[in-house]
Amino acid sequence: MTDRTKDESYQLAALDQEFILGDSMRGARFMMEYAKAEEHMRARRIRSTIVVFGSARILEDGGDWQAKTYNAARTFARIASERGGALADREPWHDNVIVTGGGPGIMEAANRGAQDAGAMSIGLNIAIPHEQAPNPYITPELSFKFHYFAMRKMHFAMRARALVIFPGGFGTLDELFELLTISQTGKAPAIPIVLYDRAFWTRIINFEALAETGMISPADLGLFDIVDDAEEAWERLTARGLLVGTGAG
């Protein structure tokens with residue numbers, strides 16, 4: 001008699017990898033990507049974050065401009081971690097924890113700055129054909145890998161209390177405009193947004209032209225600040241109402 005317990009269909013659904021990775025389970029996989037990162041962040045008592053975006057191609061030893069930009073991101077993340085509430089181990093929750101895309105360049109610099117301060121930081125990496133490795137400065141328990149860009153974006157946005165954007169390419173611009181749109185449309189409460197390096201951003205994007213042609217409201221130009229210094233970036237965030245320290249929820 002044939003032993004039916006050996007049949008592929010007889011496997012427990014939770015242990016059947018072919019089934020789990022099939023088309024019908026895409027929704028479940030999406031939910032799992034939400035739940036895994038959420039569970040780890042709750043376990044580490046992370047209530048809010050400061051999102052830092054920027055190019056993976058900006059290196060500490062990549063020339064004067066790249067070195068300056070890398071060090072500005074590192075300095076900003078250290079300042080934010082020291083002053084924002086990420087270090088408050090005796091309190092119920094950690095606030096303003098640095099979160100990046102988890103890769104090299106500006107992402108590495110920001111995770112490194114948090115480590116300089118002795119604070120935890122988060123890396124939200126993405127599985128892509130030319131996969132980047134997570135940088136070594138992410139807190140080990142907070143280094144994640146996503147398949148779905150949409151869920152990764154959700155985790156960037158759902159705890160974000162502020163956004164700091166350093167020079168970058170398509171990915172950086174994508175994240176910047178997505179969060180600007182969320183603020184512009186009122187889909188979520190507006191958060192302080194700061195762009196670092198005025199010369200870069202005014203050359204790459206003509207924000208004023210968008211307002212002049214009626215593509216955005218002139219008031220939309222007030223959704224963000226542009227700065228040239230890490231300390232100034234922190235000052236602009238707090239001036240725009242960033243809640244600092246624990247107990248601010």
# chains A, B, ... in the order shown; residues from 1 in each chain; ligands from 1

call {"tool": "residues_around", "arguments": {"residues": "A:Ile122", "least_positions_apart": "4", "cutoff": "9 Å", "atoms": "only C-alpha atoms", "output": "PyMOL selection string"}}
result
chain A and resi 41+49+97-102+111+138-144

call {"tool": "select_by_dssp", "arguments": {"residues": "stretch 73-210 of chain A", "states": "helix (DSSP H, G or I)", "output": "PyMOL selection string"}}
result
chain A and resi 73-84+106-116+140-142+149-158+170-185+198-204+207-210

call {"tool": "atom_distance", "arguments": {"atom1": "atom CA of A:Val227", "atom2": "atom CA of A:Ala157"}}
result
22.2 Å

call {"tool": "residues_around", "arguments": {"residues": "A:Glu33", "least_positions_apart": "5", "cutoff": "10 Å", "atoms": "only C-alpha atoms", "output": "number ranges by chain"}}
result
A: 28, 38, 144-148, 151-152, 155

call {"tool": "closest_atom_pairs", "arguments": {"of": "stretch 151-193 of chain A", "to": "stretch 79-94 of chain A", "cutoff": "12 Å", "atoms": "only C-alpha atoms", "output": "Markdown table"}}
result
| residue | atom | partner | partner_atom | distance |
| --- | --- | --- | --- | --- |
| A:Arg159 | CA | A:His94 | CA | 11.3 |
| A:Arg161 | CA | A:Gly84 | CA | 10.5 |
| A:Ala162 | CA | A:Ala80 | CA | 10.6 |
| A:Leu163 | CA | A:Ala80 | CA | 11.6 |
| A:Val164 | CA | A:Ala80 | CA | 10.8 |

call {"tool": "residues_around", "arguments": {"residues": "A:Ala188", "least_positions_apart": "5", "cutoff": "10 Å", "atoms": "only C-alpha atoms", "output": "PyMOL selection string"}}
result
chain A and resi 157-158+179+181-183

call {"tool": "closest_residue", "arguments": {"among": "A:Ala37, A:Met120, A:Leu15, A:Leu176", "to": "A:Phe53", "atoms": "only C-alpha atoms"}}
result
A:Leu176

call {"tool": "closest_residue", "arguments": {"among": "A:Thr202, A:Ile191, A:Ser55, A:Glu208", "to": "A:Thr238", "atoms": "only C-alpha atoms"}}
result
A:Ile191

call {"tool": "atom_distance", "arguments": {"atom1": "atom CA of A:Arg198", "atom2": "atom CA of A:Ile226"}}
result
5.7 Å

call {"tool": "closest_residue", "arguments": {"among": "A:Ile50, A:Ile126, A:Phe76, A:Asp220", "to": "A:Asp95", "atoms": "only C-alpha atoms"}}
result
A:Ile50

call {"tool": "residues_around", "arguments": {"residues": "A:Pro167", "least_positions_apart": "3", "cutoff": "9 Å", "atoms": "only C-alpha atoms", "output": "count of residues only"}}
result
13

call {"tool": "atom_distance", "arguments": {"atom1": "atom CA of A:Asp225", "atom2": "atom CA of A:Leu59"}}
result
24.4 Å
